[in-house]
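upload10.cif, holding mmCIF, C-alpha atoms:
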```cif
data_work
loop_
_atom_site.group_PDB
_atom_site.id
_atom_site.type_symbol
_atom_site.label_atom_id
_atom_site.label_comp_id
_atom_site.auth_asym_id
_atom_site.auth_seq_id
_atom_site.Cartn_x
_atom_site.Cartn_y
_atom_site.Cartn_z
ATOM 1 C CA MET A 224 85.680 121.161 118.653
ATOM 2 C CA ALA A 225 85.454 118.383 121.211
ATOM 3 C CA ALA A 226 83.191 115.543 120.169
ATOM 4 C CA ASN A 227 83.003 111.794 120.304
ATOM 5 C CA PRO A 228 82.901 111.102 116.541
ATOM 6 C CA ASN A 229 82.636 107.325 116.768
ATOM 7 C CA LEU A 230 79.726 105.396 115.347
ATOM 8 C CA TRP A 231 79.370 103.176 118.407
ATOM 9 C CA THR A 232 80.324 103.057 122.087
ATOM 10 C CA HIS A 233 79.438 100.764 124.994
ATOM 11 C CA ASP A 234 77.989 103.659 126.967
ATOM 12 C CA LYS A 235 75.698 105.723 124.729
ATOM 13 C CA SER A 236 75.639 108.519 127.324
ATOM 14 C CA HIS A 237 79.251 109.388 126.354
ATOM 15 C CA PHE A 238 77.955 111.054 123.190
ATOM 16 C CA ASN A 239 75.653 113.272 125.211
ATOM 17 C CA GLN A 240 78.260 114.027 127.892
ATOM 18 C CA ILE A 241 80.983 115.027 125.440
ATOM 19 C CA ASP A 242 79.103 116.469 122.479
ATOM 20 C CA PHE A 243 76.108 118.160 124.123
ATOM 21 C CA GLU A 244 77.156 118.814 127.728
ATOM 22 C CA GLY A 245 80.682 119.709 126.604
ATOM 23 C CA THR A 246 79.329 122.272 124.140
ATOM 24 C CA ARG A 247 77.018 123.698 126.787
ATOM 25 C CA THR A 248 79.925 124.022 129.231
ATOM 26 C CA VAL A 249 82.137 125.765 126.664
ATOM 27 C CA LEU A 250 79.355 128.137 125.615
ATOM 28 C CA ALA A 251 78.680 129.029 129.275
ATOM 29 C CA ALA A 252 82.387 129.786 129.799
ATOM 30 C CA VAL A 253 82.601 131.819 126.592
ATOM 31 C CA ALA A 254 79.536 133.838 127.626
ATOM 32 C CA LYS A 255 81.557 135.180 130.576
ATOM 33 C CA CYS A 256 84.388 136.361 128.318
ATOM 34 C CA ASP A 257 84.720 139.277 125.960
ATOM 35 C CA ILE A 258 85.435 137.504 122.675
ATOM 36 C CA GLU A 259 85.117 138.672 119.103
ATOM 37 C CA VAL A 260 83.902 135.376 117.671
ATOM 38 C CA MET A 261 83.598 131.667 118.411
ATOM 39 C CA ALA A 262 83.519 129.104 115.602
ATOM 40 C CA TYR A 263 81.419 126.190 116.889
ATOM 41 C CA THR A 264 82.074 122.850 115.156
ATOM 42 C CA SER A 265 78.893 121.003 114.283
ATOM 43 C CA THR A 266 78.717 118.245 111.674
ATOM 44 C CA GLU A 267 77.325 117.912 108.186
ATOM 45 C CA SER A 268 75.825 114.614 109.390
ATOM 46 C CA ILE A 269 72.873 116.501 110.865
ATOM 47 C CA ALA A 270 72.383 118.958 107.996
ATOM 48 C CA PRO A 271 69.078 118.662 106.168
ATOM 49 C CA ARG A 272 69.116 116.260 103.245
ATOM 50 C CA ASN A 273 67.846 117.368 99.841
ATOM 51 C CA ALA A 274 67.597 120.989 100.952
ATOM 52 C CA LEU A 275 69.424 124.051 99.719
ATOM 53 C CA ILE A 276 71.407 125.483 102.613
ATOM 54 C CA ASP A 277 72.028 129.221 102.563
ATOM 55 C CA GLU A 278 74.483 130.467 105.177
ATOM 56 C CA LEU A 279 72.805 133.883 105.129
ATOM 57 C CA ALA A 280 69.293 132.541 105.752
ATOM 58 C CA ALA A 281 67.639 131.124 108.839
ATOM 59 C CA PRO A 282 68.550 127.477 109.477
ATOM 60 C CA VAL A 283 66.369 124.760 108.013
ATOM 61 C CA GLN A 284 64.441 123.337 110.940
ATOM 62 C CA ARG A 285 64.962 119.691 111.842
ATOM 63 C CA THR A 286 63.859 117.658 114.832
ATOM 64 C CA LEU A 287 65.620 115.349 117.253
ATOM 65 C CA ALA A 288 63.452 112.476 115.972
ATOM 66 C CA GLU A 289 65.069 112.856 112.526
ATOM 67 C CA MET A 290 68.538 112.128 113.907
ATOM 68 C CA PRO A 291 69.513 108.507 113.121
ATOM 69 C CA ASP A 292 71.943 107.667 115.954
ATOM 70 C CA PRO A 293 73.313 108.790 119.354
ATOM 71 C CA TYR A 294 76.168 110.762 117.754
ATOM 72 C CA CYS A 295 73.828 112.736 115.494
ATOM 73 C CA ARG A 296 71.351 113.297 118.328
ATOM 74 C CA SER A 297 74.074 114.656 120.623
ATOM 75 C CA LYS A 298 75.474 116.922 117.899
ATOM 76 C CA PHE A 299 71.959 118.111 117.028
ATOM 77 C CA LEU A 300 71.337 119.095 120.657
ATOM 78 C CA ALA A 301 74.745 120.787 120.815
ATOM 79 C CA GLU A 302 74.025 122.745 117.644
ATOM 80 C CA GLN A 303 70.709 123.858 119.133
ATOM 81 C CA GLU A 304 72.689 125.205 122.119
ATOM 82 C CA ALA A 305 74.890 127.144 119.699
ATOM 83 C CA TYR A 306 71.790 128.644 118.067
ATOM 84 C CA ARG A 307 70.418 129.502 121.524
ATOM 85 C CA ALA A 308 73.689 131.296 122.323
ATOM 86 C CA ILE A 309 73.448 133.200 119.028
ATOM 87 C CA GLY A 310 69.900 134.194 119.968
ATOM 88 C CA GLN A 311 71.240 135.580 123.245
ATOM 89 C CA GLY A 312 73.719 137.755 121.382
ATOM 90 C CA MET A 313 76.848 135.616 121.553
ATOM 91 C CA PRO A 314 79.193 135.991 118.551
ATOM 92 C CA VAL A 315 78.990 132.380 117.360
ATOM 93 C CA ILE A 316 79.509 131.042 113.853
ATOM 94 C CA ILE A 317 78.572 127.419 113.117
ATOM 95 C CA VAL A 318 80.771 125.310 110.862
ATOM 96 C CA ALA A 319 79.815 121.806 109.770
ATOM 97 C CA PRO A 320 82.597 119.652 108.294
ATOM 98 C CA THR A 321 81.870 116.490 106.350
ATOM 99 C CA LEU A 322 84.201 113.516 107.089
ATOM 100 C CA PRO A 323 87.610 114.867 108.131
ATOM 101 C CA ILE A 324 90.631 112.726 107.316
ATOM 102 C CA GLY A 325 94.331 113.428 107.496
ATOM 103 C CA PRO A 326 97.399 113.530 109.685
ATOM 104 C CA GLY A 327 97.284 113.797 113.458
ATOM 105 C CA ASN A 328 94.114 111.737 113.894
ATOM 106 C CA ARG A 329 94.918 110.396 117.370
ATOM 107 C CA ASN A 330 91.455 109.048 118.140
ATOM 108 C CA ILE A 331 91.086 107.188 114.824
ATOM 109 C CA THR A 332 87.756 108.451 113.526
ATOM 110 C CA PRO A 333 85.565 106.089 111.455
ATOM 111 C CA PRO A 334 86.759 107.323 108.015
ATOM 112 C CA THR A 335 90.404 106.989 109.059
ATOM 113 C CA LYS A 336 89.749 103.544 110.542
ATOM 114 C CA MET A 337 88.193 102.457 107.268
ATOM 115 C CA ILE A 338 91.313 103.527 105.338
ATOM 116 C CA LEU A 339 93.619 101.886 107.890
ATOM 117 C CA ASN A 340 91.606 98.660 107.704
ATOM 118 C CA PHE A 341 92.078 98.659 103.941
ATOM 119 C CA LEU A 342 95.836 99.302 104.238
ATOM 120 C CA ASN A 343 96.187 96.567 106.888
ATOM 121 C CA HIS A 344 94.294 93.971 104.786
ATOM 122 C CA ASN A 345 91.440 93.989 107.303
ATOM 123 C CA MET A 346 88.570 94.848 104.963
ATOM 124 C CA PRO A 347 87.072 91.703 103.443
ATOM 125 C CA ALA A 348 84.101 93.563 101.954
ATOM 126 C CA TYR A 349 82.672 97.047 101.633
ATOM 127 C CA LEU A 350 79.345 98.874 101.563
ATOM 128 C CA ASP A 351 79.330 101.156 98.530
ATOM 129 C CA CYS A 352 77.911 104.245 100.139
ATOM 130 C CA GLY A 353 78.283 107.912 99.344
ATOM 131 C CA LEU A 354 80.990 109.914 101.111
ATOM 132 C CA ASN A 355 82.259 113.435 101.254
ATOM 133 C CA MET A 356 85.669 113.602 102.899
ATOM 134 C CA ILE A 357 87.733 116.696 103.606
ATOM 135 C CA ASP A 358 91.362 117.090 104.604
ATOM 136 C CA VAL A 359 91.544 117.955 108.285
ATOM 137 C CA ARG A 360 94.000 120.753 107.445
ATOM 138 C CA ASP A 361 91.309 122.333 105.252
ATOM 139 C CA VAL A 362 88.875 122.063 108.162
ATOM 140 C CA ALA A 363 91.363 123.918 110.381
ATOM 141 C CA LYS A 364 91.834 126.639 107.744
ATOM 142 C CA GLY A 365 88.058 126.818 107.335
ATOM 143 C CA HIS A 366 87.611 127.533 111.034
ATOM 144 C CA ILE A 367 90.089 130.397 110.824
ATOM 145 C CA LEU A 368 88.476 131.812 107.683
ATOM 146 C CA ALA A 369 84.986 131.496 109.191
ATOM 147 C CA ALA A 370 86.148 133.326 112.327
ATOM 148 C CA LYS A 371 87.764 136.090 110.256
ATOM 149 C CA HIS A 372 85.210 136.503 107.475
ATOM 150 C CA GLY A 373 82.037 134.640 108.470
ATOM 151 C CA ARG A 374 78.786 136.229 109.533
ATOM 152 C CA ILE A 375 77.799 135.905 113.194
ATOM 153 C CA GLY A 376 75.011 133.321 113.274
ATOM 154 C CA GLY A 377 76.123 131.966 109.879
ATOM 155 C CA TYR A 378 76.235 128.264 109.039
ATOM 156 C CA TYR A 379 79.054 127.001 106.819
ATOM 157 C CA ILE A 380 79.509 123.462 105.484
ATOM 158 C CA PHE A 381 83.110 122.372 104.908
ATOM 159 C CA GLY A 382 83.273 119.626 102.343
ATOM 160 C CA ASN A 383 84.908 118.386 99.215
ATOM 161 C CA GLU A 384 83.805 116.186 96.328
ATOM 162 C CA ASN A 385 80.954 113.684 96.729
ATOM 163 C CA LEU A 386 82.347 110.204 96.070
ATOM 164 C CA THR A 387 81.360 106.590 96.446
ATOM 165 C CA LEU A 388 83.338 104.375 98.788
ATOM 166 C CA ALA A 389 84.234 102.202 95.786
ATOM 167 C CA THR A 390 85.891 105.214 94.133
ATOM 168 C CA VAL A 391 87.899 105.996 97.283
ATOM 169 C CA LEU A 392 89.016 102.366 97.563
ATOM 170 C CA GLN A 393 89.999 102.334 93.874
ATOM 171 C CA TRP A 394 92.152 105.424 94.426
ATOM 172 C CA ILE A 395 93.863 103.805 97.410
ATOM 173 C CA GLU A 396 94.369 100.662 95.316
ATOM 174 C CA GLU A 397 96.044 102.742 92.577
ATOM 175 C CA ILE A 398 98.298 104.542 95.079
ATOM 176 C CA THR A 399 99.324 101.509 97.141
ATOM 177 C CA GLY A 400 98.999 98.612 94.741
ATOM 178 C CA LEU A 401 96.883 96.778 97.319
ATOM 179 C CA PRO A 402 93.782 95.124 95.834
ATOM 180 C CA MET A 403 90.502 96.577 96.982
ATOM 181 C CA PRO A 404 87.906 94.174 98.422
ATOM 182 C CA LYS A 405 85.948 92.408 95.724
ATOM 183 C CA ARG A 406 82.846 91.693 97.805
ATOM 184 C CA ARG A 407 80.254 94.422 98.068
ATOM 185 C CA ILE A 408 77.802 94.234 100.980
ATOM 186 C CA PRO A 409 74.197 94.938 99.936
ATOM 187 C CA TYR A 410 72.638 97.911 101.727
ATOM 188 C CA TRP A 411 69.770 95.809 103.139
ATOM 189 C CA LEU A 412 72.235 93.386 104.750
ATOM 190 C CA ALA A 413 74.225 96.226 106.330
ATOM 191 C CA LEU A 414 71.007 97.767 107.661
ATOM 192 C CA VAL A 415 69.753 94.492 109.170
ATOM 193 C CA THR A 416 73.178 93.799 110.718
ATOM 194 C CA GLY A 417 73.317 97.313 112.156
ATOM 195 C CA VAL A 418 69.873 96.961 113.728
ATOM 196 C CA VAL A 419 70.800 93.605 115.270
#
```

Give the structure from the file, written as structure tokens.
Amino acid sequence: MAANPNLWTHDKSHFNQIDFEGTRTVLAAVAKCDIEVMAYTSTESIAPRNALIDELAAPVQRTLAEMPDPYCRSKFLAEQEAYRAIGQGMPVIIVAPTLPIGPGNRNITPPTKMILNFLNHNMPAYLDCGLNMIDVRDVAKGHILAAKHGRIGGYYIFGNENLTLATVLQWIEEITGLPMPKRRIPYWLALVTGVV
């Protein structure tokens, strides 16, 4: 499951070292063992958009050039290694969670940081984007269920309800009584700022 899930890091090679090289190292070690199944953790972030995904069919082909950032590129390459291992007869199942949130998040992933920023009054504005978050405990259960009942070579997305960030913030506002940010950042401004 090891990955660097952050959106940014000073050294972009960390994504490749952890996500891709780490996966390759684990797969090489697993190849030397007699295991029944390995559930490899990919990410829904690299799943094809606007395409029907069938876990019993061949994967929809994407390219490295389609991946928008270093995290997605490293996870794409790692997933390709998992498919290569499957092609060599290894008993691998691929699972792709959406945005996991929940207890025990020691590394503070981006979705958790966003919620913490809101709770700590450190969110002056928001970008109303689409999200699909899943409880990390459901992700753990999903891994176990995929290992027990999944098809070798299968691809399973773990997700929940599609929501807007505004909806999530409104829910947190209702639960905590803290006012959600009133300023909404336009998408074009967020994109220009991100590029800069």

Report task. Pick out the residues sitting within 7 Å of stretch 228-242 of chain A, and hand them over as a PyMOL selection string; count all atoms listed in the file, and ignore anything fewer than 3 positions along from it in its own chain. Result -> chain A and resi 225+245-246+293-294+297-298+301+332-333

Query - Spatial sel., origin (80.1, 129.3, 126.8), limit 12 Å, only C-alpha atoms, listed as JSON, numbers by chain - result: {"A": [244, 245, 246, 247, 248, 249, 250, 251, 252, 253, 254, 255, 256, 257, 258, 260, 261, 262, 263, 301, 304, 305, 307, 308, 309, 311, 312, 313, 314, 315]}

Query raised in the report: Could you work out how far atom CA of A:Thr321 lies from atom CA of A:Leu392, giving the answer in Å with one decimal?
Result: 18.1 Å

Enumerate, in order of chain and increasing residue number, the residues of stretch 312-339 of chain A with an atom no farther than 12 Å from stretch 344-363 of chain A, each with its shortest atom pair and distance in Å to one decimal, counting only C-alpha atoms, as JSON lines.
```
{"residue": "A:Val318", "atom": "CA", "partner": "A:Val362", "partner_atom": "CA", "distance": 9.1}
{"residue": "A:Ala319", "atom": "CA", "partner": "A:Val362", "partner_atom": "CA", "distance": 9.2}
{"residue": "A:Pro320", "atom": "CA", "partner": "A:Val362", "partner_atom": "CA", "distance": 6.7}
{"residue": "A:Thr321", "atom": "CA", "partner": "A:Met356", "partner_atom": "CA", "distance": 5.9}
{"residue": "A:Leu322", "atom": "CA", "partner": "A:Met356", "partner_atom": "CA", "distance": 4.4}
{"residue": "A:Pro323", "atom": "CA", "partner": "A:Ile357", "partner_atom": "CA", "distance": 4.9}
{"residue": "A:Ile324", "atom": "CA", "partner": "A:Asp358", "partner_atom": "CA", "distance": 5.2}
{"residue": "A:Gly325", "atom": "CA", "partner": "A:Val359", "partner_atom": "CA", "distance": 5.4}
{"residue": "A:Pro326", "atom": "CA", "partner": "A:Val359", "partner_atom": "CA", "distance": 7.5}
{"residue": "A:Gly327", "atom": "CA", "partner": "A:Val359", "partner_atom": "CA", "distance": 8.8}
{"residue": "A:Asn328", "atom": "CA", "partner": "A:Val359", "partner_atom": "CA", "distance": 8.8}
{"residue": "A:Thr332", "atom": "CA", "partner": "A:Val359", "partner_atom": "CA", "distance": 11.5}
{"residue": "A:Pro333", "atom": "CA", "partner": "A:Met356", "partner_atom": "CA", "distance": 11.4}
{"residue": "A:Pro334", "atom": "CA", "partner": "A:Met356", "partner_atom": "CA", "distance": 8.2}
{"residue": "A:Thr335", "atom": "CA", "partner": "A:Met356", "partner_atom": "CA", "distance": 10.2}
{"residue": "A:Lys336", "atom": "CA", "partner": "A:Asn345", "partner_atom": "CA", "distance": 10.2}
{"residue": "A:Met337", "atom": "CA", "partner": "A:Met346", "partner_atom": "CA", "distance": 8.0}
{"residue": "A:Ile338", "atom": "CA", "partner": "A:Met346", "partner_atom": "CA", "distance": 9.1}
{"residue": "A:Leu339", "atom": "CA", "partner": "A:Asn345", "partner_atom": "CA", "distance": 8.2}
```

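Among the candidate residues A:Gly377, A:Leu342, A:Gly365, A:Ala370, the one lying nearest to A:Tyr306 is A:Gly377, with distances computed using all atoms listed in the file.
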
Kindly list the centre and edge lengths in Å, rounded to one decimal, for the axis-aligned box that covers all listed atoms of stretch 356-363 of chain A plus 3 Å on each of its six sides, as AutoDock Vina command-line options.
```
--center_x 89.8 --center_y 118.8 --center_z 106.6 --size_x 14.3 --size_y 16.3 --size_z 13.5
```

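Atom CA of A:Lys405 is positioned 14.9 Å from atom CA of A:Thr387.
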
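Going from atom CA of A:Gly382 to atom CA of A:Arg406 covers 28.3 Å.
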
Requested in this report: Would you mind telling me which residue in A:Phe243, A:Trp394, A:Tyr410, A:Phe299 lies nearest to A:Ala270 when using only C-alpha atoms?
Outcome: A:Phe299
